[in-house]
Structures are given as C-alpha cells and as structure tokens.
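Asks: Contents of query_33.cif (mmCIF, C-alpha atoms) are given next:
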data_structure
#
loop_
_atom_site.label_atom_id
_atom_site.label_comp_id
_atom_site.auth_asym_id
_atom_site.auth_seq_id
_atom_site.Cartn_x
_atom_site.Cartn_y
_atom_site.Cartn_z
CA MET A 179 -27.71 -3.81 11.40
CA GLY A 180 -25.03 -3.46 14.06
CA GLY A 181 -23.66 -6.89 14.93
CA LEU A 182 -25.04 -8.76 11.93
CA PRO A 183 -22.61 -10.95 10.01
CA ALA A 184 -21.19 -9.18 6.97
CA GLY A 185 -18.25 -9.26 4.59
CA LYS A 186 -14.99 -7.34 4.40
CA VAL A 187 -15.02 -3.58 4.30
CA GLU A 188 -14.64 -2.30 0.75
CA PHE A 189 -12.64 0.88 0.64
CA THR A 190 -14.71 2.83 -1.77
CA GLU A 191 -14.59 6.59 -1.62
CA HIS A 192 -17.73 8.18 -2.85
CA ASP A 193 -17.59 10.93 -5.39
CA TYR A 194 -20.83 12.70 -4.64
CA VAL A 195 -22.67 13.77 -7.77
CA ASP A 196 -24.66 16.98 -8.08
CA TRP A 197 -28.14 15.58 -7.51
CA GLU A 198 -26.94 13.77 -4.38
CA ARG A 199 -25.44 16.97 -3.05
CA ARG A 200 -28.76 18.72 -3.68
CA VAL A 201 -30.68 16.03 -1.78
CA ASP A 202 -28.25 16.52 1.06
CA ALA A 203 -28.68 20.31 0.97
CA LEU A 204 -32.44 19.96 0.82
CA ARG A 205 -32.38 17.80 3.94
CA LEU A 206 -30.26 20.40 5.76
CA LEU A 207 -32.59 23.23 4.76
CA LEU A 208 -35.75 21.31 5.70
CA SER A 209 -34.27 20.38 9.08
CA GLY A 210 -34.32 24.07 9.99
CA ILE A 211 -30.72 24.21 11.21
CA LYS A 212 -29.95 26.81 8.54
CA GLY A 213 -32.73 29.00 9.90
CA GLY A 214 -36.28 28.86 8.65
CA ARG A 215 -39.01 26.44 9.62
CA GLN A 216 -38.20 22.93 10.69
CA LEU A 217 -40.13 20.65 8.34
CA MET A 218 -38.42 17.40 9.15
CA THR A 219 -36.32 15.72 11.82
CA VAL A 220 -33.51 13.19 11.54
CA ASP A 221 -35.85 10.67 13.16
CA GLU A 222 -38.36 11.11 10.35
CA LEU A 223 -35.63 10.68 7.75
CA ARG A 224 -34.57 7.48 9.45
CA LYS A 225 -38.08 6.16 10.06
CA ASN A 226 -39.02 6.58 6.42
CA ILE A 227 -35.83 4.82 5.34
CA GLU A 228 -36.35 1.99 7.78
CA THR A 229 -39.91 1.40 6.63
CA LEU A 230 -38.68 0.67 3.10
CA PRO A 231 -39.13 -3.02 2.27
CA PRO A 232 -35.81 -4.86 2.85
CA ASP A 233 -35.37 -5.66 -0.85
CA ALA A 234 -35.94 -2.01 -1.83
CA TYR A 235 -33.46 -0.91 0.84
CA GLU A 236 -30.84 -3.23 -0.61
CA ARG A 237 -31.51 -2.26 -4.20
CA MET A 238 -31.53 1.49 -3.74
CA SER A 239 -28.43 3.63 -3.38
CA TYR A 240 -27.88 5.80 -0.33
CA TYR A 241 -29.26 9.02 -1.78
CA GLU A 242 -32.06 7.19 -3.56
CA ARG A 243 -33.20 6.14 -0.10
CA TRP A 244 -32.77 9.68 1.18
CA VAL A 245 -34.76 11.36 -1.57
CA THR A 246 -37.51 8.78 -1.17
CA SER A 247 -37.59 9.34 2.58
CA ILE A 248 -37.58 13.15 2.35
CA THR A 249 -40.37 13.05 -0.24
CA GLN A 250 -42.36 10.68 1.96
CA THR A 251 -41.88 12.97 4.96
CA MET A 252 -43.09 15.99 2.98
CA ILE A 253 -46.22 14.04 2.00
CA GLN A 254 -46.81 12.86 5.58
CA ARG A 255 -46.47 16.42 6.85
CA GLY A 256 -48.87 17.71 4.20
CA VAL A 257 -46.25 19.99 2.65
CA ILE A 258 -46.85 18.37 -0.74
CA THR A 259 -49.44 15.86 -1.91
CA THR A 260 -49.00 12.61 -3.79
CA GLU A 261 -51.06 14.09 -6.64
CA GLU A 262 -48.81 17.14 -6.93
CA LEU A 263 -45.74 14.94 -6.94
CA GLY A 264 -47.15 12.55 -9.54
CA LYS A 265 -48.12 15.42 -11.79
CA LYS A 266 -44.74 17.09 -11.42
CA MET A 267 -42.82 13.91 -12.12
CA ALA A 268 -44.86 13.22 -15.25
CA GLU A 269 -44.39 16.79 -16.42
CA ILE A 270 -40.64 16.82 -15.87
CA GLY A 271 -40.27 13.33 -17.28
CA LYS A 272 -41.96 14.49 -20.46
CA ARG A 273 -39.81 17.62 -20.61
CA ASP A 274 -36.67 15.58 -20.04
CA GLY A 275 -37.58 12.46 -21.99
CA SER A 276 -37.14 10.16 -19.00
CA LYS A 277 -39.29 7.11 -18.55
CA VAL A 278 -41.59 7.54 -15.55
CA MET B 79 -29.42 24.94 -11.17
CA LYS B 80 -28.27 23.02 -14.21
CA ASP B 81 -25.98 20.03 -14.15
CA GLN B 82 -22.78 20.46 -16.13
CA GLY B 83 -21.53 17.92 -18.61
CA SER B 84 -23.04 15.54 -21.10
CA TYR B 85 -26.75 15.01 -21.22
CA GLN B 86 -28.33 11.94 -19.71
CA PRO B 87 -32.02 11.41 -19.02
CA TYR B 88 -32.92 11.43 -15.34
CA SER B 89 -33.16 8.19 -13.45
CA TYR B 90 -36.40 7.65 -11.52
CA PHE B 91 -34.90 8.98 -8.29
CA GLN B 92 -33.25 11.96 -9.97
CA LEU B 93 -36.65 12.76 -11.39
CA MET B 94 -38.01 12.54 -7.87
CA GLU B 95 -35.32 14.94 -6.65
CA VAL B 96 -36.05 17.50 -9.37
CA SER B 97 -39.80 17.21 -8.81
CA LEU B 98 -39.57 17.52 -5.05
CA ARG B 99 -37.21 20.48 -5.35
CA GLU B 100 -39.39 22.30 -7.89
CA LEU B 101 -42.48 21.77 -5.75
CA LEU B 102 -40.75 23.09 -2.63
CA VAL B 103 -39.44 26.10 -4.56
CA GLU B 104 -42.91 26.82 -6.01
CA LYS B 105 -44.36 26.67 -2.51
CA GLY B 106 -41.77 29.13 -1.25
CA ILE B 107 -40.28 26.66 1.25
CA VAL B 108 -36.77 26.82 -0.17
CA THR B 109 -35.14 28.82 -2.93
CA GLU B 110 -32.71 27.64 -5.58
CA ALA B 111 -30.23 30.21 -4.23
CA GLN B 112 -30.42 28.75 -0.73
CA LEU B 113 -29.89 25.28 -2.11
CA ALA B 114 -26.92 26.32 -4.21
CA ALA B 115 -25.38 28.13 -1.23
CA THR B 116 -25.89 25.09 1.02
CA VAL B 117 -24.36 22.73 -1.53
CA GLU B 118 -21.31 25.02 -1.74
CA GLU B 119 -21.03 25.33 2.01
CA VAL B 120 -21.07 21.55 2.46
CA ARG B 121 -18.55 21.11 -0.36
CA ASN B 122 -16.16 23.42 1.46
CA ILE B 123 -16.10 21.42 4.67
CA THR B 124 -13.07 19.13 4.58
CA PRO B 125 -11.28 17.03 7.23
CA GLU B 126 -8.76 19.86 7.56
CA ARG B 127 -11.22 21.39 10.01
CA GLY B 128 -11.05 18.39 12.28
CA ALA B 129 -7.27 18.25 11.90
CA ARG B 130 -7.05 21.84 13.08
CA VAL B 131 -8.96 20.91 16.23
CA VAL B 132 -6.73 17.90 16.89
CA ALA B 133 -3.50 19.86 16.40
CA LYS B 134 -4.75 22.60 18.70
CA ALA B 135 -5.50 19.99 21.38
CA TRP B 136 -2.00 18.55 20.98
CA VAL B 137 -0.25 21.89 21.57
CA ASN B 138 -2.63 23.47 24.05
CA THR B 139 -3.43 21.53 27.24
CA GLU B 140 -6.17 23.93 28.30
CA PHE B 141 -7.92 23.52 24.97
CA ARG B 142 -7.50 19.75 25.10
CA LYS B 143 -9.22 19.67 28.49
CA LYS B 144 -12.09 21.79 27.23
CA LEU B 145 -12.40 19.71 24.08
CA LEU B 146 -12.72 16.48 26.05
CA GLN B 147 -15.21 18.07 28.44
CA ASP B 148 -17.46 19.76 25.90
CA GLY B 149 -16.50 19.23 22.26
CA THR B 150 -19.22 21.46 20.88
CA ARG B 151 -18.18 24.46 22.96
CA ALA B 152 -14.47 24.01 22.40
CA CYS B 153 -14.97 23.90 18.62
CA GLU B 154 -17.19 26.96 18.73
CA GLU B 155 -14.33 28.78 20.43
CA LEU B 156 -12.28 28.05 17.32
CA GLY B 157 -15.09 29.48 15.21
CA LEU B 158 -16.32 26.06 14.10
CA GLU B 159 -20.08 25.80 14.40
CA ILE B 160 -21.55 22.48 15.52
CA PRO B 161 -25.25 23.27 15.07
CA ALA B 162 -27.54 21.58 17.60
CA LEU B 163 -25.27 18.59 18.11
CA LYS B 164 -23.37 17.20 21.02
CA LEU B 165 -19.80 16.55 19.94
CA VAL B 166 -18.03 13.99 22.07
CA VAL B 167 -14.27 13.84 21.61
CA VAL B 168 -12.69 10.55 22.66
CA GLU B 169 -8.99 10.36 23.32
CA ASN B 170 -6.66 7.56 22.24
CA THR B 171 -4.11 6.55 24.86
CA PRO B 172 -1.31 3.97 24.90
CA THR B 173 -3.79 1.48 26.40
CA GLU B 174 -7.04 2.45 24.70
CA HIS B 175 -8.02 3.00 21.07
CA ASN B 176 -11.31 4.53 19.91
CA LEU B 177 -13.34 3.75 16.82
CA VAL B 178 -16.44 5.55 15.53
CA VAL B 179 -19.35 4.00 13.68
CA CYS B 180 -23.03 4.65 13.09
CA THR B 181 -24.80 1.30 13.09
CA LEU B 182 -28.22 2.81 12.39
CA CYS B 183 -27.34 4.93 9.39
CA SER B 184 -24.45 7.27 8.71
CA CYS B 185 -24.23 9.87 11.50
CA TYR B 186 -20.79 11.43 11.21
CA PRO B 187 -19.08 14.60 12.49
CA ARG B 188 -19.69 16.27 9.15
CA MET B 189 -19.06 19.77 10.43
CA LEU B 190 -15.47 18.71 11.11
CA LEU B 191 -14.83 16.02 8.49
CA GLY B 192 -17.13 16.80 5.58
CA MET B 193 -19.28 14.15 3.97
CA PRO B 194 -18.57 10.56 5.04
CA PRO B 195 -16.69 8.12 2.81
CA GLU B 196 -18.72 5.39 1.14
CA TRP B 197 -17.30 2.61 3.33
CA TYR B 198 -18.43 4.38 6.50
CA LYS B 199 -22.01 4.06 5.25
CA SER B 200 -21.58 0.48 4.07
CA ARG B 201 -23.35 -2.49 5.58
CA ASN B 202 -20.06 -4.30 6.10
CA TYR B 203 -18.44 -1.56 8.17
CA ARG B 204 -21.56 -0.80 10.18
CA SER B 205 -22.30 -4.43 10.97
CA ARG B 206 -18.83 -5.54 11.91
CA ALA B 207 -17.27 -2.49 13.61
CA VAL B 208 -19.26 -3.24 16.76
CA ARG B 209 -18.74 -6.99 16.75
CA GLU B 210 -15.18 -7.52 15.56
CA PRO B 211 -13.48 -4.12 15.59
CA ARG B 212 -10.01 -5.63 15.70
CA ALA B 213 -10.61 -7.55 12.48
CA VAL B 214 -12.08 -4.45 10.82
CA LEU B 215 -9.10 -2.33 11.87
CA SER B 216 -6.73 -4.90 10.49
CA GLU B 217 -8.49 -4.64 7.12
CA PHE B 218 -7.64 -0.94 7.28
CA GLY B 219 -4.02 -1.92 7.88
CA LEU B 220 -4.11 -1.03 11.55
CA GLU B 221 -2.87 -3.88 13.72
CA LEU B 222 -3.31 -3.13 17.39
CA ALA B 223 -1.59 -5.11 20.13
CA GLN B 224 -3.99 -7.44 21.98
CA GLU B 225 -3.48 -5.57 25.25
CA ILE B 226 -4.80 -2.32 23.75
CA LYS B 227 -8.47 -2.02 24.56
CA ILE B 228 -10.74 -0.91 21.71
CA ARG B 229 -13.77 1.22 22.48
CA VAL B 230 -16.36 1.48 19.73
CA HIS B 231 -18.65 4.51 19.76
CA ASP B 232 -22.01 4.30 18.03
CA SER B 233 -23.14 7.73 16.84
CA THR B 234 -26.69 8.96 17.11
CA ALA B 235 -28.78 11.62 15.44
CA ASP B 236 -27.88 14.12 18.16
CA MET B 237 -24.46 12.93 19.25
CA ARG B 238 -21.33 12.72 17.12
CA TYR B 239 -17.92 11.37 18.01
CA LEU B 240 -14.48 12.49 16.97
CA VAL B 241 -11.33 10.58 17.83
CA LEU B 242 -8.45 12.56 19.27
CA PRO B 243 -5.44 10.50 18.12
CA MET B 244 -2.17 10.35 20.05
CA ARG B 245 0.41 12.89 19.04
CA PRO B 246 3.20 11.13 17.15
CA ALA B 247 6.56 10.86 18.92
CA ASP B 248 9.41 13.21 17.98
CA THR B 249 7.14 16.08 16.97
CA GLU B 250 7.94 18.34 19.94
CA ASP B 251 9.32 21.09 17.71
CA TRP B 252 6.56 20.89 15.09
CA SER B 253 4.28 23.83 14.43
CA GLU B 254 0.54 23.48 14.84
CA GLU B 255 0.11 23.63 11.05
CA ARG B 256 2.62 20.89 10.45
CA LEU B 257 0.99 18.74 13.11
CA ALA B 258 -2.44 19.33 11.57
CA ALA B 259 -1.14 18.11 8.22
CA SER B 260 -0.33 14.72 9.79
CA VAL B 261 -3.93 14.18 10.91
CA THR B 262 -6.04 12.44 8.29
CA ARG B 263 -9.77 11.88 8.21
CA ASP B 264 -9.28 8.20 9.00
CA CYS B 265 -7.30 9.06 12.15
CA MET B 266 -10.29 10.99 13.44
CA ILE B 267 -12.69 8.11 12.70
CA GLY B 268 -10.25 5.79 14.44
CA VAL B 269 -9.44 3.46 11.53
CA ALA B 270 -5.90 4.84 11.30
CA VAL B 271 -3.30 6.56 13.46
CA PRO B 272 -1.12 9.50 12.42
CA ARG B 273 2.07 8.40 10.68
CA ILE B 274 4.96 10.77 10.22
#
Rewrite the structure from the file as structure tokens, please.
Replies:
Amino acid sequence: MGGLPAGKVEFTEHDYVDWERRVDALRLLLSGIKGGRQLMTVDELRKNIETLPPDAYERMSYYERWVTSITQTMIQRGVITTEELGKKMAEIGKRDGSKV
Amino acid sequence: MKDQGSYQPYSYFQLMEVSLRELLVEKGIVTEAQLAATVEEVRNITPERGARVVAKAWVNTEFRKKLLQDGTRACEELGLEIPALKLVVVENTPTEHNLVVCTLCSCYPRMLLGMPPEWYKSRNYRSRAVREPRAVLSEFGLELAQEIKIRVHDSTADMRYLVLPMRPADTEDWSEERLAASVTRDCMIGVAVPRI
C-alpha cells in the first residue's frame, strides 16, 4: 500500500488486550526464535494476510488478521486440520456461549 | 490463562485464538507456561531500551561508530538481544532527517521499542510516509526546513531501522541517564526530535 493516496494520520495509541498479546506470543513461539521448532515464517504470516479478500482485510482488525493468518499457516503446514479447528471452535463456543 | 475482568462472550476471532491455542497445547507444540512467559517478556520491552542505546551513542564515539556499522552487534554488546534480525541504525544530521515505516505490514524494531503504536500500523501512515513524508511529519508537529533532506526507510521482515536522533544542544554536562530520558519512542521512529 506504500504510495497509495490516503488520509491524515490518526494518532491512536493501541492498548493491546490480552488475546491480542497471546496471538503475538503465539507467533513468536511458532517462529522458532524462542527456541523450539520453526513452524512458520514471517513470509507465511504476510502471505496469508495478503491473500485475504480486500474487503475482509479492511473489515478485520490487525490481530484478527494475524490470528486468521497463523491458523491458516498451521492448516497449510498440516500442524492442525480444518476439522480439528471446526470441532474445537464449536466445543469452546458451546462452553462459552459464543455464537459460532 | 484466564482473562481478568468482567465476562464477555468471545468474538469469532477470539474464539479462533482460544481454539488454535488449545489445539497447539494439546499437540505439545507450545505450553501455556511458555505463552504466559512470552507475553510477559514482550510486555516488559519498552522504548527505554532504545533510548539507552541512543544515549550511549551520544556519549561514546566508539559505540556510535559500531552502532552505525552493525546495529545488531552493538546492541548485543549492551546485552540487548536482536534475534535473527539486521538492525540498521540511521543517523540524523543537520542536513538529513530519517523516517521509518513498514509499507508492507508493521515491521518495527520491537526489541528496542516494544510493540508499535496503532498509527504506525495504519493505512494512512504506511501509504503516505513514502510519498509525502514532509506532510506526514508536519501532522506530527515536526516542521523541517525545506533544505533538510528526508530519507524514508522501509522496513522488511529481516531488517529493522532505528533512527539515531541528533543530541540536543546544551546537554554537554548531562549524564547518560538524563540524556536517555529525553529520547522518546517517536524520536527513534523519526516522527519527532528530542526536545529539552
């Protein structure tokens, strides 16, 4: 997006909430820089964000894009499956009372 | 790891986060303890780290040289780890001002400045910093004389930039600590200069 026309810079400071911080930590751990296996690269994180449809990209918040991208990468790498994820989300949604 | 505070049902993406995390924990890929420790570690990184580096460069010519040559190594000498990244330190001079952006996403010298502010990640900053940096700086309240050249540095996944601001005048007798306190996060991104 470098060079595209855009509006004035809005000076918002972000107060990171807990789930966002966990997504961030998860990304660090999966990147292997904290030791352990490398299960994703920054390029994969970026690729899976950039392949989001433009309207989804605009609608989603920063860490919503990240968690989507990390999840997608884990599926692509065969670490988790779509079925496992679907089942887990339904299960936790039920436990929590969220709408899935 | 339980969130504190009043109860609210998860949003779709929070549900995704919890689900992904639980699956990875079940599979033994990460542990909740590792995650909690990493969250804490990241929380403890503040721009004071970067300010320490800048103040050291102001008082120590040898260190300044090293920092400009190989930022990663110079910081490691101060005990600041820059894991697997090339840190490039760019120096402001009376004729040249430096500004850092990441047009692709939000690459940022997090190991020295902590997590980036929201505006750094915004479309408006990322789009315009490379095209009309002078106008962007003026929105930050930084008016630079026309004859000062502005260099904009676009960060990458493997390379991060840190601006070494100019040491303010009349600070010859200041201690390193006092100097460090004058260096804000924004000075090291290049959207501000130290004011004393």
Asks: Taking all atoms listed in the file into account, find every residue of chain A that has an atom no more than 8 Å from chain B, and write it out as a PyMOL selection string.
Replies: chain A and resi 179-192+196-197+199-204+206-207+211+220-221+224+242+245-246+249+258+262-263+266-267+270-271+274-278
Asks: In terms of the shortest atom-to-atom distance over all atoms listed in the file, which of B:Arg238, B:Arg130, B:Arg212, B:Lys143 is closest to Glu225 (chain B)?
Replies: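 With all atoms listed in the file as the atom set, the closest residue is B:Arg212.
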Asks: One number please: CA of Leu220 (chain B) to CA of Ala259 (chain B), in Å, one decimal.
Replies: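 CA of Ala259 (chain B) lies 19.7 Å from CA of Leu220 (chain B).
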Asks: Take CA of Glu159 (chain B) and CA of Val195 (chain A) and report the distance between them in Å, one decimal.
Replies: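 Interatomic distance, CA of Glu159 (chain B) to CA of Val195 (chain A): 25.4 Å.
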Asks: Would you mind reading off the distance between CA of Val241 (chain B) and CA of Val166 (chain B), one decimal, in Å?
Replies: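 Computing it gives 8.6 Å between the two atoms.
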Asks: Show which residues sit within 12 Å of Ser253 (chain B), as a PyMOL selection string. Count all atoms listed in the file, and ignore same-chain residues fewer than 3 positions away.
Replies: chain B and resi 130+133-134+136-138+249-250+256-260
Asks: Given the choices A:Leu217, A:Arg243, A:Ala234, A:Ile227, which gets closest to Gly256 (chain A) if the distance is worked out from only C-alpha atoms?
Replies: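 Closest residue, counting only C-alpha atoms: A:Leu217.
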Asks: How would you write, as an NGL selection string, the residues chosen by the PyMOL selection byres ((chain B and resi 167-178) around 9) on this structure?
Replies: :B and (145-149 or 165-166 or 179-180 or 186 or 207 or 211 or 215 or 222 or 225-233 or 238-244 or 266-269)
Asks: From the set A:Lys272, A:Gly214, A:Tyr194, A:Gln250, which residue has the shortest atom-to-atom contact distance to Leu230 (chain A), counting only C-alpha atoms?
Replies: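 Counting only C-alpha atoms, the residue closest to Leu230 (chain A) is A:Gln250.
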Asks: So, counting all atoms listed in the file, which residue among B:Ala270, B:Val132, B:Ala152, B:Met189 is closest to Glu254 (chain B)?
Replies: B:Val132
Asks: So, counting all atoms listed in the file, which residue among B:Gly106, B:Pro246, B:Gly192, B:Pro125 is closest to Pro272 (chain B)?
Replies: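 Residue with the minimum atom-to-atom distance to Pro272 (chain B): B:Pro246.
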